[in-house]
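Here is entry-v8.csv, consisting of CSV, C-alpha atoms and all ligand atoms:
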chain,number,residue,atom,x,y,z
A,1186,MET,CA,0.0,0.0,0.0
A,1187,ALA,CA,1.4,3.4,-1.0
A,1188,GLU,CA,2.7,5.5,1.9
A,1189,ILE,CA,3.8,9.0,2.6
A,1190,ILE,CA,6.7,9.1,5.0
A,1191,LEU,CA,6.9,12.3,7.1
A,1192,ASP,CA,10.3,13.2,8.4
A,1193,SER,CA,9.6,14.9,11.7
A,1194,LYS,CA,13.3,15.8,12.2
A,1195,ALA,CA,13.2,17.7,8.8
A,1196,TYR,CA,10.2,19.7,9.9
A,1197,LYS,CA,11.8,20.7,13.2
A,1198,HIS,CA,15.2,21.4,11.4
A,1199,ASN,CA,13.4,23.8,9.0
A,1200,LEU,CA,11.6,25.6,11.8
A,1201,ASN,CA,14.9,26.0,13.8
A,1202,LEU,CA,16.5,27.3,10.7
A,1203,ILE,CA,13.7,29.8,9.9
A,1204,HIS,CA,13.4,30.8,13.6
A,1205,SER,CA,17.1,31.6,14.0
A,1206,HIS,CA,17.2,33.5,10.7
A,1207,ILE,CA,14.1,35.7,11.4
A,1208,ASN,CA,15.3,36.4,15.0
A,1209,SER,CA,18.9,37.1,14.2
A,1210,HIS,CA,18.1,40.7,13.2
A,1211,ASN,CA,15.4,41.4,15.6
A,1212,LYS,CA,15.4,42.8,19.1
A,1213,SER,CA,12.1,41.3,20.1
A,1214,ASN,CA,11.1,37.7,19.5
A,1215,VAL,CA,9.0,37.0,16.4
A,1216,GLU,CA,6.7,34.0,16.9
A,1217,ILE,CA,6.5,31.4,14.2
A,1218,ALA,CA,2.9,30.3,13.5
A,1219,ALA,CA,2.6,27.1,11.5
A,1220,VAL,CA,0.3,27.1,8.5
A,1221,LEU,CA,-1.4,23.7,8.4
A,1222,LYS,CA,-4.1,24.6,5.9
A,1223,ASP,CA,-5.2,22.2,3.1
A,1224,ASN,CA,-4.4,19.1,5.0
A,1225,ALA,CA,-1.0,20.6,6.0
A,1226,TYR,CA,-0.1,21.1,2.3
A,1227,GLY,CA,-1.2,17.6,1.6
A,1228,HIS,CA,1.2,16.1,4.2
A,1229,GLY,CA,-1.6,15.1,6.6
A,1230,LEU,CA,-3.3,17.6,9.1
A,1231,LYS,CA,-3.3,15.5,12.2
A,1232,GLU,CA,0.2,14.1,11.6
A,1233,MET,CA,1.8,17.6,11.0
A,1234,ALA,CA,-0.2,19.0,14.0
A,1235,THR,CA,1.4,16.3,16.2
A,1236,ILE,CA,4.9,17.2,15.0
A,1237,ALA,CA,4.3,21.0,15.2
A,1238,ALA,CA,2.9,20.7,18.7
A,1239,GLU,CA,5.8,18.6,19.8
A,1240,TYR,CA,8.1,21.3,18.5
A,1241,GLY,CA,6.4,23.9,20.6
A,1242,ILE,CA,4.3,25.7,18.0
A,1243,LYS,CA,1.6,27.7,19.8
A,1244,SER,CA,-0.4,29.2,16.9
A,1245,VAL,CA,-1.5,27.6,13.7
A,1246,PHE,CA,-3.6,28.6,10.7
A,1247,VAL,CA,-5.9,26.1,8.9
A,1248,LYS,CA,-8.3,26.5,6.0
A,1249,ASN,CA,-11.7,26.3,7.7
A,1250,TYR,CA,-13.8,25.1,10.6
A,1251,ASN,CA,-13.6,21.5,9.4
A,1252,GLU,CA,-9.8,21.5,9.7
A,1253,ALA,CA,-9.9,23.6,13.0
A,1254,ILE,CA,-12.0,21.1,14.9
A,1255,GLN,CA,-9.6,18.3,14.0
A,1256,ILE,CA,-6.6,19.8,15.7
A,1257,TYR,CA,-7.8,22.5,18.2
A,1258,LYS,CA,-6.6,20.3,21.1
A,1259,PHE,CA,-3.0,20.4,19.9
A,1260,PHE,CA,-2.5,24.2,20.2
A,1261,PRO,CA,-3.4,27.2,22.4
A,1262,GLN,CA,-4.5,29.1,19.3
A,1263,VAL,CA,-6.0,27.9,16.0
A,1264,THR,CA,-7.3,30.3,13.3
A,1265,ALA,CA,-9.5,29.3,10.4
A,1266,PHE,CA,-8.7,31.4,7.4
A,1267,TYR,CA,-12.0,31.0,5.6
A,1268,GLY,CA,-15.6,30.4,6.4
A,1269,MET,CA,-17.7,30.4,9.5
A,1270,PRO,CA,-18.4,27.6,12.1
A,1271,GLN,CA,-20.9,25.0,11.1
A,1272,GLY,CA,-21.5,23.7,14.6
A,1273,ASP,CA,-20.0,23.9,18.1
A,1274,PHE,CA,-16.4,24.9,18.5
A,1275,ALA,CA,-13.8,25.4,21.2
A,1276,LYS,CA,-12.8,28.8,22.6
A,1277,ASN,CA,-9.3,28.7,21.1
A,1278,ILE,CA,-10.6,28.6,17.5
A,1279,ALA,CA,-10.6,32.1,15.9
A,1280,PHE,CA,-12.4,33.0,12.7
A,1281,VAL,CA,-11.3,35.5,10.1
A,1282,ILE,CA,-13.5,38.5,9.3
A,1283,HIS,CA,-13.4,39.4,5.6
A,1284,ASP,CA,-16.9,40.9,5.4
A,1285,GLU,CA,-19.7,42.4,7.6
A,1286,LYS,CA,-21.7,39.2,7.3
A,1287,HIS,CA,-19.0,37.3,9.2
A,1288,ILE,CA,-19.5,39.6,12.2
A,1289,SER,CA,-23.2,38.9,12.4
A,1290,ALA,CA,-22.7,35.2,11.9
A,1291,LEU,CA,-20.5,34.6,15.0
A,1292,PRO,CA,-21.7,34.3,18.6
A,1293,GLN,CA,-20.7,36.7,21.3
A,1294,GLY,CA,-17.3,36.0,22.8
A,1295,THR,CA,-15.8,34.4,19.7
A,1296,LYS,CA,-12.2,35.1,18.9
A,1297,VAL,CA,-11.7,36.8,15.6
A,1298,GLU,CA,-8.9,38.1,13.4
A,1299,LEU,CA,-9.5,40.9,11.0
A,1300,LYS,CA,-8.1,40.6,7.5
A,1301,VAL,CA,-7.2,43.8,5.8
A,1302,ASN,CA,-6.3,44.3,2.1
A,1303,VAL,CA,-3.1,46.2,1.8
A,1304,GLY,CA,-2.4,45.6,-1.9
A,1305,MET,CA,-3.1,42.1,-3.0
A,1306,ASN,CA,-6.7,43.0,-3.8
A,1307,ARG,CA,-7.9,39.5,-3.0
A,1308,ASN,CA,-9.5,39.1,0.5
A,1309,GLY,CA,-10.2,41.2,3.5
A,1310,ILE,CA,-11.6,44.6,4.3
A,1311,GLU,CA,-10.3,48.0,3.0
A,1312,PRO,CA,-8.1,50.1,5.3
A,1313,SER,CA,-10.7,52.9,5.1
A,1314,GLU,CA,-13.2,50.5,6.7
A,1315,LEU,CA,-11.0,49.7,9.7
A,1316,GLU,CA,-12.8,51.8,12.3
A,1317,SER,CA,-16.3,50.8,11.3
A,1318,PHE,CA,-15.3,47.1,11.4
A,1319,ILE,CA,-13.6,47.4,14.8
A,1320,GLN,CA,-16.7,49.2,16.1
A,1321,ALA,CA,-19.0,46.4,14.8
A,1322,ILE,CA,-16.7,43.7,16.3
A,1323,LEU,CA,-16.7,45.5,19.7
A,1324,GLN,CA,-20.5,46.0,19.6
A,1325,LYS,CA,-21.0,42.3,18.8
A,1326,LYS,CA,-18.6,41.5,21.8
A,1327,LEU,CA,-16.3,39.5,19.6
A,1328,GLU,CA,-12.7,39.2,20.9
A,1329,LEU,CA,-10.3,40.8,18.4
A,1330,ILE,CA,-7.1,38.8,18.8
A,1331,GLY,CA,-5.4,39.7,15.5
A,1332,VAL,CA,-5.2,42.1,12.6
A,1333,PHE,CA,-3.4,40.8,9.5
A,1334,SER,CA,-2.8,41.1,5.9
A,1335,HIS,CA,-1.1,39.0,3.3
A,1336,ASN,CA,1.9,40.4,1.3
A,1337,GLY,CA,1.7,38.5,-1.9
A,1338,TYR,CA,4.8,40.1,-3.4
A,1339,GLY,CA,7.4,38.2,-1.3
A,1340,ASP,CA,9.2,37.0,-4.4
A,1341,ASP,CA,8.8,40.1,-6.5
A,1342,LEU,CA,12.0,42.1,-6.5
A,1343,ASP,CA,10.5,45.5,-7.2
A,1344,SER,CA,9.3,48.0,-4.7
A,1345,VAL,CA,5.7,46.7,-4.5
A,1346,PHE,CA,6.6,44.4,-1.6
A,1347,PHE,CA,8.0,47.2,0.5
A,1348,HIS,CA,5.1,49.5,-0.5
A,1349,THR,CA,2.8,46.8,0.8
A,1350,GLN,CA,4.8,46.5,4.0
A,1351,SER,CA,4.6,50.2,4.6
A,1352,ASN,CA,0.8,50.1,4.1
A,1353,PHE,CA,0.6,47.5,6.8
A,1354,ALA,CA,2.9,49.5,9.1
A,1355,LYS,CA,0.4,52.4,8.8
A,1356,LEU,CA,-2.5,50.1,9.5
A,1357,LYS,CA,-0.8,48.9,12.7
A,1358,GLN,CA,-0.5,52.5,13.9
A,1359,GLU,CA,-4.2,53.1,13.2
A,1360,VAL,CA,-5.2,49.9,15.1
A,1361,LEU,CA,-3.1,50.9,18.1
A,1362,HIS,CA,-4.7,54.3,18.0
A,1363,LEU,CA,-8.2,52.7,17.9
A,1364,SER,CA,-7.3,50.3,20.7
A,1365,GLN,CA,-6.7,53.4,22.9
A,1366,LYS,CA,-9.7,55.2,21.7
A,1367,TYR,CA,-12.1,52.3,22.3
A,1368,GLY,CA,-10.2,50.6,25.1
A,1369,PHE,CA,-9.5,47.1,23.7
A,1370,ALA,CA,-6.3,45.1,24.1
A,1371,PRO,CA,-3.9,45.6,21.1
A,1372,PRO,CA,-4.3,42.5,18.8
A,1373,ARG,CA,-1.4,40.6,17.3
A,1374,PHE,CA,-0.1,41.8,13.9
A,1375,HIS,CA,1.1,39.6,11.1
A,1376,SER,CA,1.6,40.1,7.3
A,1377,LEU,CA,4.3,37.7,6.1
A,1378,SER,CA,4.4,34.2,4.8
A,1379,THR,CA,7.7,32.2,4.2
A,1380,SER,CA,9.2,34.2,1.3
A,1381,GLY,CA,8.3,37.6,2.8
A,1382,ALA,CA,9.5,36.7,6.3
A,1383,ILE,CA,12.9,35.4,5.0
A,1384,ARG,CA,13.2,38.5,2.9
A,1385,VAL,CA,12.3,41.1,5.5
A,1386,ALA,CA,14.5,39.4,8.1
A,1387,SER,CA,17.5,39.7,5.7
A,1388,GLU,CA,16.8,43.3,4.8
A,1389,GLY,CA,16.2,45.0,8.1
A,1390,GLY,CA,14.1,43.0,10.5
A,1391,ILE,CA,10.5,42.0,11.2
A,1392,THR,CA,8.3,44.3,13.2
A,1393,ASP,CA,5.2,42.0,13.3
A,1394,ASP,CA,4.4,39.8,16.2
A,1395,LEU,CA,4.3,36.6,14.3
A,1396,VAL,CA,5.0,35.2,10.8
A,1397,ARG,CA,2.8,32.6,9.1
A,1398,ILE,CA,5.2,29.9,7.9
A,1399,GLY,CA,3.9,27.3,5.5
A,1400,ILE,CA,6.0,26.0,2.5
A,1401,GLY,CA,9.4,26.7,4.2
A,1402,ALA,CA,8.6,24.4,7.1
A,1403,TYR,CA,7.8,21.6,4.6
A,1404,GLY,CA,11.2,22.1,3.1
A,1405,TYR,CA,10.6,24.3,0.0
A,1406,LEU,CA,11.5,27.9,-0.7
A,1407,ASP,CA,11.9,28.5,-4.5
A,1408,VAL,CA,12.5,32.2,-4.6
A,1409,SER,CA,14.6,34.3,-6.9
A,1410,PHE,CA,16.4,36.3,-4.2
A,1411,GLU,CA,19.5,35.0,-2.5
A,1412,ASN,CA,19.0,33.9,1.0
A,1413,PRO,CA,20.7,31.7,3.5
A,1414,ILE,CA,17.8,29.3,4.0
A,1415,SER,CA,16.7,27.8,0.6
A,1416,ASP,CA,19.6,25.4,0.3
A,1417,LYS,CA,19.5,24.2,3.9
A,1418,LEU,CA,15.8,23.2,4.0
A,1419,GLN,CA,15.0,19.5,4.2
A,1420,LYS,CA,12.0,18.0,2.5
A,1421,VAL,CA,9.4,16.6,5.0
A,1422,ALA,CA,7.4,14.3,2.7
A,1423,SER,CA,8.4,11.4,0.6
A,1424,LEU,CA,6.0,9.3,-1.3
A,1425,TYR,CA,6.5,5.5,-1.7
A,1426,ALA,CA,4.5,3.1,-4.0
A,1427,ASP,CA,4.3,-0.6,-3.8
A,1428,ARG,CA,4.4,-3.0,-6.7
A,1429,VAL,CA,1.0,-4.4,-7.9
A,1430,SER,CA,2.3,-6.8,-10.6
A,1431,THR,CA,5.2,-7.5,-12.9
A,1432,ARG,CA,5.5,-9.0,-16.4
A,1433,PHE,CA,8.1,-9.5,-19.1
A,1434,LEU,CA,7.2,-7.8,-22.4
A,1435,ASP,CA,8.8,-8.1,-25.8
A,1436,LYS,CA,10.0,-5.5,-28.2
A,1437,GLY,CA,7.1,-3.8,-29.9
A,1438,GLU,CA,4.6,-4.5,-27.1
A,1439,ARG,CA,2.6,-1.6,-25.7
A,1440,ILE,CA,1.7,-0.5,-22.2
A,1441,GLY,CA,-1.3,1.3,-20.7
A,1442,TYR,CA,-4.2,3.3,-22.0
A,1443,SER,CA,-4.1,3.6,-25.8
A,1444,GLY,CA,-0.8,1.6,-25.7
A,1445,CYS,CA,0.9,4.9,-25.3
A,1446,THR,CA,4.3,3.5,-24.5
A,1447,THR,CA,5.8,1.0,-27.0
A,1448,LEU,CA,8.8,-1.1,-26.1
A,1449,ASN,CA,12.1,-0.7,-28.1
A,1450,SER,CA,13.5,-3.8,-26.5
A,1451,PRO,CA,12.3,-6.6,-24.2
A,1452,GLN,CA,11.8,-5.3,-20.7
A,1453,VAL,CA,10.6,-6.1,-17.2
A,1454,VAL,CA,7.6,-3.9,-16.4
A,1455,SER,CA,5.8,-3.4,-13.1
A,1456,THR,CA,2.9,-1.3,-12.0
A,1457,TYR,CA,2.9,0.6,-8.7
A,1458,ASP,CA,0.0,1.7,-6.7
A,1459,ILE,CA,-0.1,5.4,-7.2
A,1460,GLY,CA,-2.2,7.1,-9.9
A,1461,TYR,CA,-4.0,10.4,-10.5
A,1462,GLY,CA,-6.8,9.3,-8.2
A,1463,ASP,CA,-4.2,9.6,-5.4
A,1464,GLY,CA,-3.6,13.2,-6.3
A,1465,PHE,CA,-0.4,12.5,-8.2
A,1466,PHE,CA,-0.6,14.4,-11.5
A,1467,ARG,CA,-1.5,12.3,-14.5
A,1468,VAL,CA,1.6,11.5,-16.6
A,1469,ASN,CA,0.9,11.6,-20.3
A,1470,GLU,CA,2.9,11.5,-23.5
A,1471,ASN,CA,3.8,15.2,-23.1
A,1472,HIS,CA,5.6,14.7,-19.8
A,1473,LYS,CA,8.9,13.3,-18.9
A,1474,VAL,CA,8.6,12.4,-15.2
A,1475,TYR,CA,11.1,10.3,-13.2
A,1476,ILE,CA,10.9,8.7,-9.8
A,1477,ALA,CA,13.6,9.2,-7.2
A,1478,ASN,CA,15.9,6.5,-8.6
A,1479,GLY,CA,15.8,8.1,-12.0
A,1480,LEU,CA,13.5,5.6,-13.7
A,1481,GLN,CA,10.8,7.1,-15.9
A,1482,ILE,CA,7.1,6.9,-15.1
A,1483,LEU,CA,5.8,5.5,-18.3
A,1484,PRO,CA,2.9,7.4,-20.0
A,1485,ARG,CA,0.1,7.3,-19.5
A,1486,SER,CA,-0.5,6.8,-15.8
A,1487,SER,CA,-3.9,5.5,-14.7
A,1488,MET,CA,-6.2,6.5,-11.9
A,1489,ASP,CA,-4.7,4.0,-9.5
A,1490,CYS,CA,-1.3,3.0,-10.8
A,1491,PHE,CA,1.6,3.7,-13.1
A,1492,SER,CA,4.1,1.5,-14.9
A,1493,CYS,CA,7.9,1.5,-14.7
A,1494,PHE,CA,10.7,-0.6,-16.2
A,1495,CYS,CA,11.5,-2.0,-12.8
A,1496,ASP,CA,10.7,-4.9,-10.5
A,1497,GLU,CA,11.5,-3.6,-7.0
A,1498,PRO,CA,8.8,-4.3,-4.5
A,1499,ARG,CA,8.7,-0.7,-3.3
A,1500,ILE,CA,9.9,2.5,-4.9
A,1501,CYS,CA,10.3,6.0,-3.8
A,1502,VAL,CA,8.1,8.1,-6.2
A,1503,PHE,CA,9.5,11.4,-4.8
A,1504,ASN,CA,11.5,12.8,-1.9
A,1505,ASP,CA,11.5,16.2,-3.5
A,1506,VAL,CA,8.7,17.5,-5.7
A,1507,THR,CA,10.7,20.4,-7.3
A,1508,HIS,CA,11.3,18.5,-10.6
A,1509,LEU,CA,7.7,17.3,-10.7
A,1510,ALA,CA,6.4,20.9,-10.3
A,1511,LYS,CA,8.6,21.8,-13.3
A,1512,ALA,CA,7.4,18.8,-15.4
A,1513,PHE,CA,3.8,19.7,-14.8
A,1514,GLY,CA,4.2,23.4,-15.2
A,1515,THR,CA,3.2,24.3,-11.6
A,1516,ILE,CA,4.6,25.0,-8.2
A,1517,SER,CA,5.6,22.6,-5.4
A,1518,TYR,CA,2.6,23.8,-3.4
A,1519,GLU,CA,0.2,22.3,-5.9
A,1520,ILE,CA,2.0,19.0,-6.3
A,1521,LEU,CA,1.9,18.6,-2.5
A,1522,THR,CA,-1.6,19.8,-1.7
A,1523,HIS,CA,-3.1,17.4,-4.2
A,1524,LEU,CA,-1.8,14.3,-2.4
A,1525,SER,CA,-4.9,12.3,-1.4
A,1526,PRO,CA,-5.8,12.3,2.3
A,1527,SER,CA,-6.5,8.6,1.9
A,1528,ILE,CA,-2.8,7.7,1.3
A,1529,LYS,CA,-1.4,6.2,4.5
A,1530,ARG,CA,0.9,8.6,6.5
A,1531,THR,CA,3.8,7.5,8.7
A,1532,ILE,CA,5.8,9.8,10.9
A,1533,ILE,CA,9.5,8.9,11.4
B,1601,LIG,C1,-0.9,29.9,2.7
B,1601,LIG,C2,-0.8,31.1,3.4
B,1601,LIG,C3,0.4,31.4,4.1
B,1601,LIG,C4,1.6,30.5,4.1
B,1601,LIG,O1,2.3,30.8,2.9
B,1601,LIG,P1,3.7,30.0,2.6
B,1601,LIG,O2,4.2,30.7,1.3
B,1601,LIG,O3,3.4,28.6,2.4
B,1601,LIG,O4,4.6,30.3,3.7
B,1601,LIG,C5,0.4,32.6,4.9
B,1601,LIG,N1,-0.7,33.4,5.0
B,1601,LIG,C6,-1.8,33.1,4.3
B,1601,LIG,C7,-2.9,34.1,4.4
B,1601,LIG,C8,-1.9,32.0,3.5
B,1601,LIG,O5,-3.0,31.8,2.8
Rewrite the structure from the file as C-alpha cells, please.
Amino acid sequence: MAEIILDSKAYKHNLNLIHSHINSHNKSNVEIAAVLKDNAYGHGLKEMATIAAEYGIKSVFVKNYNEAIQIYKFFPQVTAFYGMPQGDFAKNIAFVIHDEKHISALPQGTKVELKVNVGMNRNGIEPSELESFIQAILQKKLELIGVFSHNGYGDDLDSVFFHTQSNFAKLKQEVLHLSQKYGFAPPRFHSLSTSGAIRVASEGGITDDLVRIGIGAYGYLDVSFENPISDKLQKVASLYADRVSTRFLDKGERIGYSGCTTLNSPQVVSTYDIGYGDGFFRVNENHKVYIANGLQILPRSSMDCFSCFCDEPRICVFNDVTHLAKAFGTISYEILTHLSPSIKRTII
C-alpha cells in the first residue's frame, strides 16, 4: 500500500533554521505560526499538527472550521482562514473577518482576526473601513485577537513588496490608536508568509508579532532572491509506492491506455499503486517524469497505478517535488496539496 513518510526531524530542522534567521536581526522575539491549511499542504493535518505541537508551536492557521475542529486540542490558538463555524467549537478557535456578514454570523465571545487588504486585492476589508469594522466587532462583543494582511509580493523584487509593507505599518498604527480610543487590548499583527519573512528578516528585521510559515517548514523555498535558507531546508514528505504486478514484455509490445508506451527492447515492467486518483498528477505523453531513482514513469499513468521498467517491490516516487512541479508546469505547493488524504501517512 502506498505510503507518505513524514520526516519529523526535517520539519523541526526547518523551523529551527527559519526561527534563527528571522530572529537574528530582531530585538524582540517574532513568533512562528505554522500554516497547516489544506491538509497541511497535503502532508496530513493530524500528523503535522502532532509534529508542530511537539516542536512547541503555539499558533496555527488552517483552512476552515472543518480543519480547525480536528486539531484544536494540539495548540493554544487555531485560526481558520475561511468560512464560519458549522457547529460547536472550542474557545481557542478564531475565525477571520473578511466581510460584515461574518460579524453577524458569529456568537458573542468568539475570537476573531480581522483581515485587511493592503495591496493584493484579494481578500479582507479595505483600510478605510477599519474603524467601522472594529466598532462592529466590539459591539457584537467578539474578541479581536489579530489584525493581519497578506503580502503576496514576497518573491517580486521591485518596490511593491515594500510599499505593501509600509501600508501594513500604517495600518498597525491606526489599530493601536483605535485600541486606545475604544479601550480594547492591542491585537497581534502579522503580514508575512515564508518568502516575505525570509526577505524582511534579511533586509532589516521583522516588526510584526508573528509570521505565518507554510511552505518553508515543509522544506521548500523556491525564490529568486538570494537567501541563507533555501539550500538548507530539508523536505518533509516522501511518497512510496508498492508493486502491484510484474510482467516480461517483448520488443514492440505496448503498455497502458491507448498503448501509449511502445517497447524498443524486451523489458521487465511493473505497475505501482499510485495514480492520478491519489492526487499524483497524470503523466501523459507530453511529460517526462522520473521517480527518485531516475526511472521514468511511463505514460500514460492511470487513476490507481503507473508503470515503470522495474521490479523492485517498493519504490520512492519522490522525496522532493521540485522537478515534478517543473514537469507539470506548476509549483511545489500544488503537487503537495493534491496528495490524497486517503494515502497512509507514517511519521518517522
Ligand atoms: C498559505 C498562506 C500562508 C503561508 O504561505 P507560505 O508561502 O506557504 O509560507 C500565509 N498566509 C496566508 C494568508 C496564506 O493563505
**Request:** Give as a PyMOL selection string the residues surrounding ligand LIG 1601 (chain B) up to a distance of 10 Å, considering all atoms listed in the file.
**Result:** chain A and resi 1218-1223+1225-1226+1246-1248+1266-1267+1300+1308+1333-1337+1339-1340+1375-1383+1396-1403+1405-1407+1518
**Request:** Take the point (-19.1, 32.7, 15.0) in the file's coordinates, draw a sphere of radius 12 Å around it, and report as a ChimeraX atom specification every protein, DNA or RNA residue with an atom inside or on it, counting all atoms listed in the file.
**Result:** /A:1250,1265,1267-1276,1278-1282,1286-1298,1322,1325-1328
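Distance annotation: of A:Met1186, A:Leu1483, A:Ile1528, A:Val1245, the residue with the minimal separation from Arg1439 (chain A) is A:Leu1483; atom set is all atoms listed in the file.
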**Contacts of Phe1491 (chain A) at 10 Å (all atoms listed in the file; same-chain gap of 3+ positions) as a list in words** =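 Listed by chain and then number, they are Ala1426, Arg1428, Val1429, Gly1441, Ser1455, Thr1456, Tyr1457, Asp1458, Ile1459, Gly1460, Tyr1461, Arg1467, Val1468, Ile1482, Leu1483, Pro1484, Arg1485, Ser1486, Ser1487 and Met1488 of chain A.
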With C-alpha atoms retained, export the selected residues as a CSV table (one decimal), in the frame of the given file.
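New file selection.csv:
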chain,number,residue,atom,x,y,z
A,1426,ALA,CA,4.5,3.1,-4.0
A,1428,ARG,CA,4.4,-3.0,-6.7
A,1429,VAL,CA,1.0,-4.4,-7.9
A,1441,GLY,CA,-1.3,1.3,-20.7
A,1455,SER,CA,5.8,-3.4,-13.1
A,1456,THR,CA,2.9,-1.3,-12.0
A,1457,TYR,CA,2.9,0.6,-8.7
A,1458,ASP,CA,0.0,1.7,-6.7
A,1459,ILE,CA,-0.1,5.4,-7.2
A,1460,GLY,CA,-2.2,7.1,-9.9
A,1461,TYR,CA,-4.0,10.4,-10.5
A,1467,ARG,CA,-1.5,12.3,-14.5
A,1468,VAL,CA,1.6,11.5,-16.6
A,1482,ILE,CA,7.1,6.9,-15.1
A,1483,LEU,CA,5.8,5.5,-18.3
A,1484,PRO,CA,2.9,7.4,-20.0
A,1485,ARG,CA,0.1,7.3,-19.5
A,1486,SER,CA,-0.5,6.8,-15.8
A,1487,SER,CA,-3.9,5.5,-14.7
A,1488,MET,CA,-6.2,6.5,-11.9
Show me the residues close to (5.4, 2.3, 1.3) - anything with an atom within 10 Å, counting only C-alpha atoms - and format the list as a PDB file with C-alpha atoms, in the frame of the given file.
ATOM      1  CA  MET A1186       0.000   0.000   0.000  1.00  0.00           C
ATOM      2  CA  ALA A1187       1.400   3.400  -1.000  1.00  0.00           C
ATOM      3  CA  GLU A1188       2.700   5.500   1.900  1.00  0.00           C
ATOM      4  CA  ILE A1189       3.800   9.000   2.600  1.00  0.00           C
ATOM      5  CA  ILE A1190       6.700   9.100   5.000  1.00  0.00           C
ATOM      6  CA  SER A1423       8.400  11.400   0.600  1.00  0.00           C
ATOM      7  CA  LEU A1424       6.000   9.300  -1.300  1.00  0.00           C
ATOM      8  CA  TYR A1425       6.500   5.500  -1.700  1.00  0.00           C
ATOM      9  CA  ALA A1426       4.500   3.100  -4.000  1.00  0.00           C
ATOM     10  CA  ASP A1427       4.300  -0.600  -3.800  1.00  0.00           C
ATOM     11  CA  ARG A1428       4.400  -3.000  -6.700  1.00  0.00           C
ATOM     12  CA  ASP A1458       0.000   1.700  -6.700  1.00  0.00           C
ATOM     13  CA  PRO A1498       8.800  -4.300  -4.500  1.00  0.00           C
ATOM     14  CA  ARG A1499       8.700  -0.700  -3.300  1.00  0.00           C
ATOM     15  CA  ILE A1500       9.900   2.500  -4.900  1.00  0.00           C
ATOM     16  CA  CYS A1501      10.300   6.000  -3.800  1.00  0.00           C
ATOM     17  CA  VAL A1502       8.100   8.100  -6.200  1.00  0.00           C
ATOM     18  CA  ILE A1528      -2.800   7.700   1.300  1.00  0.00           C
ATOM     19  CA  LYS A1529      -1.400   6.200   4.500  1.00  0.00           C
ATOM     20  CA  ARG A1530       0.900   8.600   6.500  1.00  0.00           C
ATOM     21  CA  THR A1531       3.800   7.500   8.700  1.00  0.00           C
TER      22      THR A1531
END
**Asked** What does the distance between CA of Gln1481 (chain A) and CA of Cys1493 (chain A) come to in Å, to one decimal place?
**Response** 6.4 Å
**Item:** d(CA of Asn1449 (chain A), CA of Phe1503 (chain A)) in Å
**Value:**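 Answer for the CA of Asn1449 (chain A) to CA of Phe1503 (chain A) separation: 26.4 Å.
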**Distance criterion (all atoms listed in the file): nearest to Cys1490 (chain A) out of A:Ser1193, A:Ser1430, A:Ser1443, A:Ser1209** = A:Ser1430
**Request:** Extract, using only C-alpha atoms, all DNA, RNA and protein residues at most 9 Å from Gln1255 (chain A), discarding same-chain residues fewer than 4 positions from it, and format them as a list in words.
**Result:**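 Near Gln1255 (chain A), the qualifying residues are Leu1230, Lys1231, Tyr1250 and Asn1251 of chain A.
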For the selection you just gave me, I'd like the residues written to a file as a PDB file, in the coordinates of the input, keeping C-alpha atoms.
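Output file part-v7.pdb is given in full below:
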ATOM      1  CA  LEU A1230      -3.300  17.600   9.100  1.00  0.00           C
ATOM      2  CA  LYS A1231      -3.300  15.500  12.200  1.00  0.00           C
ATOM      3  CA  TYR A1250     -13.800  25.100  10.600  1.00  0.00           C
ATOM      4  CA  ASN A1251     -13.600  21.500   9.400  1.00  0.00           C
TER       5      ASN A1251
END
**Request:** Tell me which of A:Ser1527, A:Thr1264, A:Ser1313, A:Ser1387 sits closest to Lys1355 (chain A), counting all atoms listed in the file.
**Result:** A:Ser1313
**Item:** Which residue of A:Ser1351, A:Ser1344, A:Asn1471, A:Thr1431 approaches Asp1393 (chain A) most closely, using all atoms listed in the file
**Value:**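 Closest to Asp1393 (chain A), using all atoms listed in the file: A:Ser1351.
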**Request:** Tell me which of A:Leu1448, A:Ala1234, A:Ile1217, A:Leu1395 sits closest to Leu1191 (chain A), counting all atoms listed in the file.
**Result:** A:Ala1234
Just need region 1222-1240 of chain A in a file, please: C-alpha atoms, as a PDB file, in the first residue's frame.
ATOM      1  CA  LYS A1222      -4.120  24.593   5.887  1.00  0.00           C
ATOM      2  CA  ASP A1223      -5.213  22.239   3.106  1.00  0.00           C
ATOM      3  CA  ASN A1224      -4.403  19.080   4.994  1.00  0.00           C
ATOM      4  CA  ALA A1225      -1.030  20.579   5.977  1.00  0.00           C
ATOM      5  CA  TYR A1226      -0.101  21.149   2.330  1.00  0.00           C
ATOM      6  CA  GLY A1227      -1.156  17.604   1.588  1.00  0.00           C
ATOM      7  CA  HIS A1228       1.172  16.132   4.217  1.00  0.00           C
ATOM      8  CA  GLY A1229      -1.626  15.148   6.626  1.00  0.00           C
ATOM      9  CA  LEU A1230      -3.263  17.558   9.067  1.00  0.00           C
ATOM     10  CA  LYS A1231      -3.256  15.467  12.246  1.00  0.00           C
ATOM     11  CA  GLU A1232       0.237  14.135  11.607  1.00  0.00           C
ATOM     12  CA  MET A1233       1.770  17.563  11.008  1.00  0.00           C
ATOM     13  CA  ALA A1234      -0.177  19.013  13.959  1.00  0.00           C
ATOM     14  CA  THR A1235       1.373  16.335  16.164  1.00  0.00           C
ATOM     15  CA  ILE A1236       4.869  17.226  14.967  1.00  0.00           C
ATOM     16  CA  ALA A1237       4.301  21.001  15.200  1.00  0.00           C
ATOM     17  CA  ALA A1238       2.879  20.726  18.719  1.00  0.00           C
ATOM     18  CA  GLU A1239       5.821  18.574  19.796  1.00  0.00           C
ATOM     19  CA  TYR A1240       8.146  21.272  18.497  1.00  0.00           C
TER      20      TYR A1240
END
